[in-house]
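Below is one structure; the comments refer to it alone.
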Amino acid sequence: MAKYLTQRIIYMIITLFIIASLTFFLMKFLPGTPFQNEEKLTEEQRIILDEKYGLDDPLPVQYANYMINIAKGDLGVSFQYDNQPVSSLLLKRIGPSLTLGFQAMFIGTIIGIMLGVLAALFQNTWIDYGSTFLAVLGKSIPSFVFAALLQYYIGVKLEWLPVASWNGFSYSIMPTIALAIFPIATAARFMRTELIEVFSSDYITLAKAKGNSRTEVAIKHAIRNALIPLITVLGPMAVSLMTGSMVIEQIFSIPGIGEQFVKSIQTNDFPIIMGTTIFFAFLLVVIILIVDILYGIIDPRIRLAGGDKHE
Amino acid sequence: MGKKILEVNDLHISFHTFAGEVQAIRGVDFDLYEGETLAIVGESGSGKSVTTKSIMKLLPKHNSEIKSGKIIFQDKDIVQATEKQMQKIRGKDISMIFQDPMTSLNPTMTIGKQIMEPLIKHGNFKKSEARKQTLKLLDLVGIPKPKIRIKQYPHQFSGGMRQRVVIAIALACAPKILIADEPTTALDVTIQGQILELMKDLQQQIETSIIFITHDLGVVANVADRVAVMYGGKIVEVGTVDEIFYNPQHPYTWGLISSMPSLDGMDDELYVIPGSPPDLLKPPKGDAFAPRNRYAMQIDLEKEPPMFKVSDTHYAATWLLHPNAPKVEPPQNIQDRMQKFSKGAY
Amino acid sequence: MSNSTENLPKELFEPVSTDHMNNEVIAKPQLSFAKDAWLRVRKNKGAIISAVILLFIFIMAIIGPYLSQYDPYAQDVTKANLPPKIPVIENLGIFDGTQDINGEKSDIYKNKNVQEYYWFGTDSLGRDLFSRVWLGTRVSLYIALLAALIDMIIGVAYGLVSGFKGGRVDNVMQRILEIISGIPNLIVVILMLLILKPGIMSITIAMVITGWIGMARVVRGQVLKLKDQEYILASKTLGARNIRLLIKHLLPNLSGVIIINTMFTIPSAIFFEAFLSFIGIGLQAPEASLGTLIEDGYQTFQFLPHLMIIPCIVICIILISFNLIGDGIRDAFDPKMRD
């Protein structure tokens with residue numbers, strides 16, 4: 001386990017290093033700086049600005065400085081937001097993003113599991129078809145399309161919930177729902193397939209042969225075994241939530257990281273783009289590592305690698 | 001022979017597949033007596049497992065159907081029993097051992113919990129008593145250090161040890177009937193012997209009846225009191241072990257026995273029954289075995305043979321036993337066996 | 001028991017020769033893998049309906065822009081912001097060119113003195129939405145199919161080599177894969193699009209950079225599984241060369257996983273293109289894709305919902321159809337799911 005963990009952490013660092021380098025060099029090739037668009041700036045002022053932000057140093061020096069700063073947790077200062085450090089801008093905005101992400105993940109997984117269990121228990125009935133259809137919808141409909149439609153019908157037309165902005169729980173309901181449809185769909189589909197497979201296994205037949213009722217078999221034997229592999233989809237789920245949060249935050253004007261990221265793409269605010277990219281990458285890599293470790297802890301079989309199966 | 005404990009009458013079971021209706025069981029009759037071991041032999045697909053699963057009503061509901069027939073246990077028809085009634089029977093009066101011990105235990109539940117489950121369910125044991133009883137059971141089935149083992153997970157056990165655990169689960173409530181579905185097929189030969197010995201031993205102690213499903217005639221000779229031979233969803237011959245091994249009447253049984261490797265017939269080539277089992281999507285009109293039977297007669301292609309009585313305990317479904325049938329010579333090795341039988345020197 | 005059969009005619013007990021019964025005939029006709037899979041897909045109504053719908057959308061993506069008499073790029077401000085109006089159907093009270101303004105229905109076509117019919121209405125620049133939607137569908141499908149094709153080629157090649165060569169080569173290739181897959185694809189795509197000039201090719205390339213990894217993984221896994229099977233070994237003992245092994249024996253057996261994987265990369269590419277356009281780094285005006293149309297529509301959708309809702313419906317139908325077909329094929333190929 002220790003060896004495995006060290007190996008994983010080394011890969012994690014390599015990945016992050018590559019992402020950081022990639023981000024840096026790509027940004028350097030970018031056409032245009034934020035100051036080029038400012039017509040009013042004189043050549044002199046531009047040089048001063050370049051100097052101030054270290055844009056006139058030779059590339060290797062800039063790269064080295066950048067990497068050292070990242071290691072220290074310093075992601076540079078924003079061009080647009082009055083020279084504020086990127087790290088503090090990110091910290092300031094992480095609250096709404098995390099709230100939204102966790103709500104969507106939590107609600108989505110729980111509803112998804114319930115839908116999946118129902119579908120598997122009532123396989124090939126209308127409950128199954130309904131749940132499967134919902135799952136296909138959730139997987140297919142882009143979250144921003146769903147969000148825009150929600151906003152229009154529930155916010156604008158019916159006026160049940162606030163259309164946009166971030167001012168308490170009621171403001172988080174629609175964006176959470178919009179973000180949650182993907183976790184719901186993923187968890188539901190995964191749970192259904194997994195449960196059906198578990199239900200066809202010998203140990204479930206044995207559990208029935210002991211005189212357990214259907215419900216007892218499902219609760220005591222099947223669901224637990226089907227839930228364990230569900231941990232593996234939490235990683236991809238987190239990725240999709242991050243992607244989704246960018247547009248969802250934009251649509252509902254939520255002051256989160258995603259909204260700031262999209263804005264900085266549109267305004268060429270390099271430090272924010274680079275900082276957010278690295279931050280997202282770091283978050284994802286850590287989440288995936290945690291998921292893998294969790295899997296090892298929860299599944300009693302993992303410790304004994306590869307118990308051979310007979311068919 | 002003891003009291004009749006289970007009676008299966010004219011059982012028909014079909015599976016609904018996307019290719020059509022598969023008539024897996026096409027009229028099966030047999031009885032089971034107290035304390036005996038009945039072996040059901042046949043090729044894969046002959047309907048052995050389906051028959052026994054139907055006794056516990058464990059066939060998948062969504063694609064299988066008991067078309068007709070009766071399974072009488074303790075004066076009640078299991079075919080008509082509700083799910084609730086079945087739950088009281090399963091694990092208490094009838095229990096089951098499966099083929100593959102590697103997959104028949106719940107991988108995320110300790111061995112102890114899995115054995116305690118039926119005890120608490122049917123035996124009205126309290127938790128602490130159930131634990132004591134579980135330790136006793138583990139000891140009974142020959143698992144050393146039960147106090148440590150009780151807390152372990154299945155993956156920490158070897159195949160043979162797992163099968164012992166499965167046996168402990170099955171026998172926990174001292175069932176009246178134990179169904180063993182090829183319990184030794186997935187095990188090494190040396191372990192096979194140990195498990196068979198254990199089962200025989202425990203049968204004596206608990207006085208249970210065993211239905212032993214297998215395709216291995218060697219195992220049958222070792223454990224069974226009576227044998228039922230299945231082919232194409234029907235029982236084609238049934239009799240005591242001696243009757244089946246030394247006075248077989250059905251050409252299919254002849255084939256089965258001839259294809260069994262024997263130590264004294266080293267120079268013989270191993271016999272193979274030609275052809276393949278019938279397609280139960282479209283069961284043949286006459287005798288299902290006719291296309292593979294070199295003794296086939298015109299009538300075999302037109303009419304299904306009924307069960308002909310050979311002795312009080314021995315019946316066979318072949319037209320060869322009809323008074324009008326010509327006398328045929330069974331294969332040489334079968335004749336040798338029959339000779340031993342008639343001399344009573346087997 | 002035999003009482004009822006005692007007076008059967010003697011002729012019936014004549015032995016029959018078994019020669020005419022071919023003993024070696026296999027009683028149940030064997031279905032080929034592909035045929036078996038097709039039989040299963042065919043039973044899946046959702047997949048079949050989806051295939052028909054997709055076919056229709058493909059045809060419309062090709063001929064749609066020519067069906068309407070208007071150029072998808074032609075601007076005419078006098079005919080801007082018109083709601084949908086379709087002949088015949090207009091009599092049913094829908095698609096009749098009217099719009100609710102402050103709770104009152106008013107006929108925009110009459111107000112603006114427009115005689116023509118715009119089936120899906122027009123946008124703020126007076127461009128015909130009908131021809132733009134199908135043009136956008138064409139572009140979206142084109143990008144998705146292209147990306148999926150390139151993903152497939154790279155992924156299959158990488159997976160084949162990695163799985164087939166094994167040993168050190170496989171080890172190194174797997175490490176590379178591990179690192180690339182650690183990079184969130186969204187971030188790579190966004191970064192790539194910031195430096196490449198936005199356009200069909202750059203979006204496709206950006207998506208391909210990380211897109212092929214899934215395919216490579218699946219193919220490698222399958223190759224490893226197949227490699228040790230008897231028939232490959234048999235072929236090897238018979239002196240088949242590696243290339244021949246790859247093409248004759250492995251590829252056909254890989255077709256299942258390749259098709260399934262591709263069926264799922266296409267919708268995710270369509271989604272990604274729309275997503276990028278929606279956050280403003282995808283295709284640029286006046287080009288149309290479903291993503292840019294949705295983005296345009298979103299700007300004004302509180303007043304002119306049809307501008308957003310129509311492309312939304314089209315993209316949802318495409319994505320749902322692809323997913324249903326993908327599910328159908330996967331279930332058909334996956335023997336684990338059989339019952």
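Each chain of the structure tokens is named A, B, ... in the order shown, its residues numbered from 1; ligands are numbered from 1 in display order.
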**Study point:** 8 Å contact set for Phe301 (chain C), only C-alpha atoms, chain neighbours under 6 positions out, as a count of residues only
**Key:** 3
Review point. Got a sec to pull out which chain B residues are within 10 Å of chain A, counting only C-alpha atoms, and send them as a PyMOL selection string?
Key: chain B and resi 53+56-60+62+83-110+114-115+117-119+121-122+152-156+166+169-170+172-173+186
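Our summary of the geometry notes that CA of Ser165 (chain A) is positioned 5.9 Å from CA of Phe252 (chain A).
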Point to revise | Contacts of Ile231 (chain A) at 12 Å (only C-alpha atoms; same-chain gap of 6+ positions) as JSON, numbers by chain | key: {"A": [109, 113, 186, 187, 190, 191, 224, 225, 237, 238, 287, 288, 289, 290, 291, 292, 293, 294, 295, 296, 297, 298, 299]}
Exercise for review: Compute the set of chain C residues within 9 Å of chain A, using only C-alpha atoms, and express it as a PyMOL selection string.
Suggested key: chain C and resi 175+178-184+186-188+190-192+194-196+267-268+271+274-275+278-281+294+298+301-302+305+308-309+312+315-324+336-337
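Candidate residues B:Ala296, B:Val328, B:Ala130, B:Met161 were compared for distance to chain C, and the nearest is B:Ala296, using only C-alpha atoms.
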Run DSSP on the backbone and tell me which residues of region 86-199 of chain A come out as alpha helix (DSSP H); list them as a compact mmCIF listing (two decimals) with N, CA, C and O atoms, in the first residue's frame.
```txt
# COMPACT_ATOMS: atom_id res chain seq x y z
N VAL A 86 -3.88 36.12 -7.68
CA VAL A 86 -4.82 35.13 -8.20
C VAL A 86 -5.26 34.19 -7.08
O VAL A 86 -6.43 33.84 -6.98
N SER A 87 -4.31 33.80 -6.22
CA SER A 87 -4.67 32.84 -5.18
C SER A 87 -5.75 33.39 -4.27
O SER A 87 -6.68 32.67 -3.90
N SER A 88 -5.66 34.69 -3.94
CA SER A 88 -6.71 35.21 -3.05
C SER A 88 -8.02 35.39 -3.81
O SER A 88 -9.09 35.22 -3.25
N LEU A 89 -7.91 35.69 -5.12
CA LEU A 89 -9.15 35.77 -5.92
C LEU A 89 -9.84 34.41 -5.95
O LEU A 89 -11.06 34.30 -5.84
N LEU A 90 -9.03 33.35 -6.11
CA LEU A 90 -9.60 32.00 -6.13
C LEU A 90 -10.22 31.67 -4.78
O LEU A 90 -11.34 31.16 -4.72
N LEU A 91 -9.50 31.98 -3.73
CA LEU A 91 -10.01 31.67 -2.38
C LEU A 91 -11.32 32.39 -2.11
O LEU A 91 -12.24 31.84 -1.53
N LYS A 92 -11.36 33.65 -2.57
CA LYS A 92 -12.54 34.46 -2.34
C LYS A 92 -13.76 33.84 -3.02
O LYS A 92 -14.88 33.94 -2.53
N ARG A 93 -13.49 33.20 -4.17
CA ARG A 93 -14.62 32.71 -4.96
C ARG A 93 -14.89 31.21 -4.80
O ARG A 93 -15.80 30.68 -5.42
N ILE A 94 -14.09 30.56 -3.97
CA ILE A 94 -14.24 29.11 -3.91
C ILE A 94 -15.51 28.70 -3.18
O ILE A 94 -16.10 27.65 -3.47
N GLY A 95 -15.97 29.55 -2.27
CA GLY A 95 -17.14 29.22 -1.47
C GLY A 95 -18.35 28.78 -2.29
O GLY A 95 -18.79 27.63 -2.19
N PRO A 96 -18.88 29.67 -3.14
CA PRO A 96 -20.06 29.29 -3.92
C PRO A 96 -19.81 28.06 -4.79
O PRO A 96 -20.67 27.19 -4.89
N SER A 97 -18.61 27.97 -5.36
CA SER A 97 -18.32 26.84 -6.24
C SER A 97 -18.36 25.53 -5.47
O SER A 97 -18.95 24.54 -5.92
N LEU A 98 -17.73 25.53 -4.29
CA LEU A 98 -17.72 24.30 -3.49
C LEU A 98 -19.12 23.95 -3.01
O LEU A 98 -19.53 22.79 -3.08
N THR A 99 -19.85 24.96 -2.52
CA THR A 99 -21.21 24.71 -2.07
C THR A 99 -22.01 24.03 -3.17
O THR A 99 -22.64 23.00 -2.97
N LEU A 100 -21.94 24.65 -4.34
CA LEU A 100 -22.69 24.14 -5.48
C LEU A 100 -22.24 22.73 -5.84
O LEU A 100 -23.05 21.81 -6.04
N GLY A 101 -20.92 22.54 -5.90
CA GLY A 101 -20.37 21.24 -6.29
C GLY A 101 -20.77 20.15 -5.32
O GLY A 101 -21.25 19.09 -5.74
N PHE A 102 -20.65 20.43 -4.02
CA PHE A 102 -20.98 19.39 -3.05
C PHE A 102 -22.46 19.09 -3.02
O PHE A 102 -22.87 17.94 -2.95
N GLN A 103 -23.27 20.16 -3.08
CA GLN A 103 -24.73 19.92 -3.10
C GLN A 103 -25.10 19.03 -4.29
O GLN A 103 -25.83 18.06 -4.13
N ALA A 104 -24.55 19.39 -5.46
CA ALA A 104 -24.92 18.63 -6.66
C ALA A 104 -24.44 17.19 -6.56
O ALA A 104 -25.15 16.26 -6.89
N MET A 105 -23.22 17.01 -6.06
CA MET A 105 -22.65 15.67 -5.97
C MET A 105 -23.45 14.84 -4.97
O MET A 105 -23.81 13.70 -5.24
N PHE A 106 -23.74 15.42 -3.82
CA PHE A 106 -24.43 14.71 -2.75
C PHE A 106 -25.84 14.32 -3.19
O PHE A 106 -26.21 13.15 -3.19
N ILE A 107 -26.60 15.34 -3.59
CA ILE A 107 -27.98 15.08 -4.00
C ILE A 107 -28.01 14.16 -5.21
O ILE A 107 -28.78 13.20 -5.27
N GLY A 108 -27.13 14.46 -6.16
CA GLY A 108 -27.10 13.67 -7.40
C GLY A 108 -26.82 12.21 -7.13
O GLY A 108 -27.52 11.33 -7.64
N THR A 109 -25.81 11.93 -6.32
CA THR A 109 -25.46 10.53 -6.07
C THR A 109 -26.58 9.81 -5.35
O THR A 109 -26.94 8.69 -5.69
N ILE A 110 -27.16 10.47 -4.35
CA ILE A 110 -28.21 9.80 -3.58
C ILE A 110 -29.43 9.51 -4.45
O ILE A 110 -29.93 8.38 -4.49
N ILE A 111 -29.89 10.51 -5.18
CA ILE A 111 -31.04 10.28 -6.06
C ILE A 111 -30.69 9.23 -7.10
O ILE A 111 -31.47 8.32 -7.39
N GLY A 112 -29.48 9.34 -7.65
CA GLY A 112 -29.04 8.37 -8.67
C GLY A 112 -29.04 6.95 -8.13
O GLY A 112 -29.54 6.04 -8.78
N ILE A 113 -28.51 6.78 -6.93
CA ILE A 113 -28.47 5.43 -6.34
C ILE A 113 -29.89 4.90 -6.17
O ILE A 113 -30.19 3.76 -6.54
N MET A 114 -30.78 5.76 -5.67
CA MET A 114 -32.16 5.30 -5.46
C MET A 114 -32.81 4.90 -6.78
O MET A 114 -33.43 3.84 -6.88
N LEU A 115 -32.62 5.73 -7.80
CA LEU A 115 -33.20 5.41 -9.11
C LEU A 115 -32.63 4.09 -9.63
O LEU A 115 -33.36 3.23 -10.13
N GLY A 116 -31.30 3.93 -9.50
CA GLY A 116 -30.65 2.73 -10.00
C GLY A 116 -31.12 1.49 -9.27
O GLY A 116 -31.40 0.46 -9.89
N VAL A 117 -31.26 1.59 -7.94
CA VAL A 117 -31.72 0.45 -7.16
C VAL A 117 -33.14 0.08 -7.56
O VAL A 117 -33.45 -1.09 -7.79
N LEU A 118 -33.99 1.09 -7.67
CA LEU A 118 -35.38 0.82 -8.07
C LEU A 118 -35.42 0.14 -9.43
O LEU A 118 -36.13 -0.85 -9.63
N ALA A 119 -34.62 0.67 -10.36
CA ALA A 119 -34.62 0.10 -11.72
C ALA A 119 -34.18 -1.35 -11.69
O ALA A 119 -34.76 -2.20 -12.36
N ALA A 120 -33.18 -1.66 -10.88
CA ALA A 120 -32.67 -3.03 -10.85
C ALA A 120 -33.65 -3.95 -10.14
O ALA A 120 -33.88 -5.08 -10.57
N LEU A 121 -34.26 -3.47 -9.06
CA LEU A 121 -35.21 -4.31 -8.32
C LEU A 121 -36.44 -4.61 -9.16
O LEU A 121 -37.00 -5.69 -9.09
N TRP A 126 -42.19 -0.81 -15.78
CA TRP A 126 -42.20 0.61 -16.16
C TRP A 126 -41.31 1.44 -15.25
O TRP A 126 -40.79 2.47 -15.64
N ILE A 127 -41.11 0.97 -14.00
CA ILE A 127 -40.22 1.70 -13.09
C ILE A 127 -38.81 1.71 -13.67
O ILE A 127 -38.12 2.73 -13.71
N ASP A 128 -38.40 0.54 -14.14
CA ASP A 128 -37.07 0.40 -14.75
C ASP A 128 -36.95 1.28 -15.99
O ASP A 128 -36.00 2.05 -16.13
N TYR A 129 -37.96 1.18 -16.87
CA TYR A 129 -37.89 1.95 -18.12
C TYR A 129 -37.87 3.45 -17.81
O TYR A 129 -37.12 4.21 -18.42
N GLY A 130 -38.71 3.86 -16.85
CA GLY A 130 -38.78 5.28 -16.49
C GLY A 130 -37.44 5.77 -15.96
O GLY A 130 -36.91 6.79 -16.41
N SER A 131 -36.87 5.00 -15.06
CA SER A 131 -35.60 5.40 -14.45
C SER A 131 -34.48 5.40 -15.50
O SER A 131 -33.65 6.31 -15.53
N THR A 132 -34.49 4.39 -16.36
CA THR A 132 -33.46 4.33 -17.40
C THR A 132 -33.61 5.51 -18.36
O THR A 132 -32.62 6.12 -18.78
N PHE A 133 -34.87 5.85 -18.68
CA PHE A 133 -35.10 6.96 -19.59
C PHE A 133 -34.60 8.27 -18.96
O PHE A 133 -33.90 9.05 -19.61
N LEU A 134 -34.91 8.46 -17.69
CA LEU A 134 -34.42 9.65 -16.98
C LEU A 134 -32.89 9.71 -17.03
O LEU A 134 -32.30 10.76 -17.25
N ALA A 135 -32.28 8.54 -16.84
CA ALA A 135 -30.82 8.49 -16.82
C ALA A 135 -30.25 8.87 -18.19
O ALA A 135 -29.26 9.59 -18.29
N VAL A 136 -30.89 8.37 -19.25
CA VAL A 136 -30.42 8.72 -20.60
C VAL A 136 -30.58 10.21 -20.83
O VAL A 136 -29.67 10.88 -21.35
N LEU A 137 -31.71 10.77 -20.40
CA LEU A 137 -31.91 12.21 -20.54
C LEU A 137 -30.82 12.97 -19.80
O LEU A 137 -30.19 13.87 -20.34
N GLY A 138 -30.57 12.56 -18.57
CA GLY A 138 -29.59 13.26 -17.75
C GLY A 138 -28.20 13.19 -18.34
O GLY A 138 -27.42 14.12 -18.24
N LYS A 139 -27.90 12.06 -18.97
CA LYS A 139 -26.58 11.90 -19.55
C LYS A 139 -26.48 12.69 -20.86
O LYS A 139 -25.40 13.16 -21.22
N SER A 140 -27.61 12.81 -21.57
CA SER A 140 -27.56 13.39 -22.91
C SER A 140 -27.70 14.90 -22.91
O SER A 140 -27.02 15.59 -23.66
N SER A 143 -25.73 20.27 -19.56
CA SER A 143 -26.21 20.94 -18.35
C SER A 143 -26.56 22.40 -18.61
O SER A 143 -27.48 22.93 -18.02
N PHE A 144 -25.85 23.05 -19.56
CA PHE A 144 -26.16 24.46 -19.78
C PHE A 144 -27.49 24.63 -20.50
O PHE A 144 -28.22 25.59 -20.25
N VAL A 145 -27.83 23.66 -21.35
CA VAL A 145 -29.15 23.72 -22.00
C VAL A 145 -30.23 23.56 -20.94
O VAL A 145 -31.18 24.33 -20.86
N PHE A 146 -30.03 22.56 -20.08
CA PHE A 146 -30.99 22.30 -19.02
C PHE A 146 -31.11 23.52 -18.10
O PHE A 146 -32.21 23.93 -17.72
N ALA A 147 -29.94 24.11 -17.77
CA ALA A 147 -29.94 25.27 -16.87
C ALA A 147 -30.70 26.43 -17.49
O ALA A 147 -31.53 27.08 -16.83
N ALA A 148 -30.45 26.70 -18.77
CA ALA A 148 -31.12 27.82 -19.42
C ALA A 148 -32.63 27.60 -19.47
O ALA A 148 -33.41 28.53 -19.24
N LEU A 149 -33.03 26.35 -19.74
CA LEU A 149 -34.46 26.07 -19.79
C LEU A 149 -35.09 26.21 -18.40
O LEU A 149 -36.16 26.80 -18.26
N LEU A 150 -34.41 25.69 -17.38
CA LEU A 150 -34.89 25.84 -16.00
C LEU A 150 -35.09 27.32 -15.67
O LEU A 150 -36.11 27.73 -15.15
N PHE A 169 -29.80 30.14 0.22
CA PHE A 169 -30.07 28.79 -0.24
C PHE A 169 -30.98 28.75 -1.48
O PHE A 169 -30.73 28.01 -2.42
N SER A 170 -32.05 29.57 -1.45
CA SER A 170 -33.01 29.49 -2.55
C SER A 170 -32.34 29.80 -3.90
O SER A 170 -32.76 29.31 -4.94
N TYR A 171 -31.26 30.59 -3.85
CA TYR A 171 -30.56 30.91 -5.09
C TYR A 171 -29.75 29.72 -5.61
O TYR A 171 -29.36 29.69 -6.76
N SER A 172 -29.47 28.78 -4.69
CA SER A 172 -28.63 27.66 -5.11
C SER A 172 -29.45 26.48 -5.64
O SER A 172 -28.90 25.53 -6.17
N ILE A 173 -30.79 26.56 -5.49
CA ILE A 173 -31.59 25.39 -5.86
C ILE A 173 -31.50 25.07 -7.35
O ILE A 173 -31.12 23.96 -7.73
N MET A 174 -31.81 26.05 -8.18
CA MET A 174 -31.81 25.77 -9.63
C MET A 174 -30.43 25.36 -10.14
O MET A 174 -30.33 24.37 -10.86
N PRO A 175 -29.37 26.13 -9.80
CA PRO A 175 -28.06 25.68 -10.29
C PRO A 175 -27.68 24.30 -9.78
O PRO A 175 -27.08 23.51 -10.53
N THR A 176 -28.06 23.96 -8.55
CA THR A 176 -27.74 22.63 -8.05
C THR A 176 -28.45 21.57 -8.87
O THR A 176 -27.85 20.57 -9.26
N ILE A 177 -29.74 21.81 -9.13
CA ILE A 177 -30.48 20.82 -9.93
C ILE A 177 -29.82 20.66 -11.30
O ILE A 177 -29.59 19.55 -11.77
N ALA A 178 -29.50 21.80 -11.92
CA ALA A 178 -28.91 21.74 -13.26
C ALA A 178 -27.60 20.97 -13.24
O ALA A 178 -27.31 20.18 -14.13
N LEU A 179 -26.81 21.17 -12.20
CA LEU A 179 -25.53 20.47 -12.11
C LEU A 179 -25.72 19.01 -11.74
O LEU A 179 -24.91 18.17 -12.12
N ALA A 180 -26.78 18.72 -10.99
CA ALA A 180 -26.94 17.37 -10.44
C ALA A 180 -27.41 16.36 -11.47
O ALA A 180 -27.28 15.17 -11.25
N ILE A 181 -27.95 16.83 -12.60
CA ILE A 181 -28.53 15.83 -13.52
C ILE A 181 -27.48 14.84 -14.01
O ILE A 181 -27.76 13.68 -14.19
N PHE A 182 -26.25 15.29 -14.18
CA PHE A 182 -25.25 14.34 -14.66
C PHE A 182 -24.90 13.30 -13.58
O PHE A 182 -24.91 12.10 -13.87
N PRO A 183 -24.58 13.73 -12.34
CA PRO A 183 -24.35 12.72 -11.30
C PRO A 183 -25.54 11.77 -11.13
O PRO A 183 -25.34 10.56 -10.95
N ILE A 184 -26.76 12.32 -11.21
CA ILE A 184 -27.93 11.44 -11.08
C ILE A 184 -27.87 10.36 -12.15
O ILE A 184 -27.98 9.17 -11.88
N ALA A 185 -27.69 10.80 -13.39
CA ALA A 185 -27.70 9.86 -14.51
C ALA A 185 -26.57 8.84 -14.36
O ALA A 185 -26.79 7.63 -14.50
N THR A 186 -25.37 9.32 -14.04
CA THR A 186 -24.24 8.41 -13.94
C THR A 186 -24.46 7.38 -12.84
O THR A 186 -24.30 6.18 -13.05
N ALA A 187 -24.85 7.87 -11.66
CA ALA A 187 -25.03 6.96 -10.54
C ALA A 187 -26.15 5.97 -10.82
O ALA A 187 -26.03 4.78 -10.52
N ALA A 188 -27.24 6.45 -11.42
CA ALA A 188 -28.38 5.57 -11.67
C ALA A 188 -28.00 4.45 -12.63
O ALA A 188 -28.29 3.28 -12.40
N ARG A 189 -27.34 4.82 -13.72
CA ARG A 189 -26.97 3.80 -14.71
C ARG A 189 -25.99 2.80 -14.11
O ARG A 189 -26.12 1.59 -14.27
N PHE A 190 -25.00 3.34 -13.41
CA PHE A 190 -23.97 2.47 -12.86
C PHE A 190 -24.58 1.50 -11.85
O PHE A 190 -24.31 0.30 -11.87
N MET A 191 -25.41 2.06 -10.98
CA MET A 191 -26.02 1.26 -9.92
C MET A 191 -26.89 0.15 -10.51
O MET A 191 -26.86 -0.98 -10.04
N ARG A 192 -27.65 0.48 -11.55
CA ARG A 192 -28.54 -0.51 -12.14
C ARG A 192 -27.73 -1.67 -12.70
O ARG A 192 -27.98 -2.83 -12.38
N THR A 193 -26.74 -1.35 -13.55
CA THR A 193 -25.92 -2.39 -14.17
C THR A 193 -25.24 -3.24 -13.11
O THR A 193 -25.27 -4.47 -13.16
N GLU A 194 -24.65 -2.57 -12.14
CA GLU A 194 -23.89 -3.25 -11.10
C GLU A 194 -24.81 -4.17 -10.30
O GLU A 194 -24.48 -5.32 -10.06
N LEU A 195 -25.98 -3.65 -9.92
CA LEU A 195 -26.91 -4.45 -9.11
C LEU A 195 -27.42 -5.65 -9.87
O LEU A 195 -27.52 -6.75 -9.33
N ILE A 196 -27.73 -5.45 -11.16
CA ILE A 196 -28.25 -6.57 -11.94
C ILE A 196 -27.19 -7.66 -12.02
O ILE A 196 -27.48 -8.84 -11.90
N GLU A 197 -25.93 -7.22 -12.16
CA GLU A 197 -24.87 -8.21 -12.21
C GLU A 197 -24.74 -8.93 -10.86
O GLU A 197 -24.61 -10.15 -10.81
N VAL A 198 -24.79 -8.14 -9.79
CA VAL A 198 -24.70 -8.76 -8.47
C VAL A 198 -25.86 -9.73 -8.25
O VAL A 198 -25.67 -10.83 -7.76
N PHE A 199 -27.06 -9.33 -8.69
CA PHE A 199 -28.23 -10.18 -8.49
C PHE A 199 -28.09 -11.52 -9.19
O PHE A 199 -28.69 -12.50 -8.80
```
Study note, to complete from the structure: Judged by only C-alpha atoms, the minimum distance to Thr78 (chain C) among C:Thr98, C:Ser106, C:Ser124, C:Gln299 is found for C:Ser124
Check your understanding: Got a sec: who's within 10 Å of region 211-225 of chain B, counting only C-alpha atoms, leaving out chain neighbours fewer than 6 positions off, as a PyMOL selection string?
Key -> chain B and resi 32+35-44+48-49+51-52+96-99+177-185+192-193+196-197+199-200+239-242+244-245+256-257+259-262
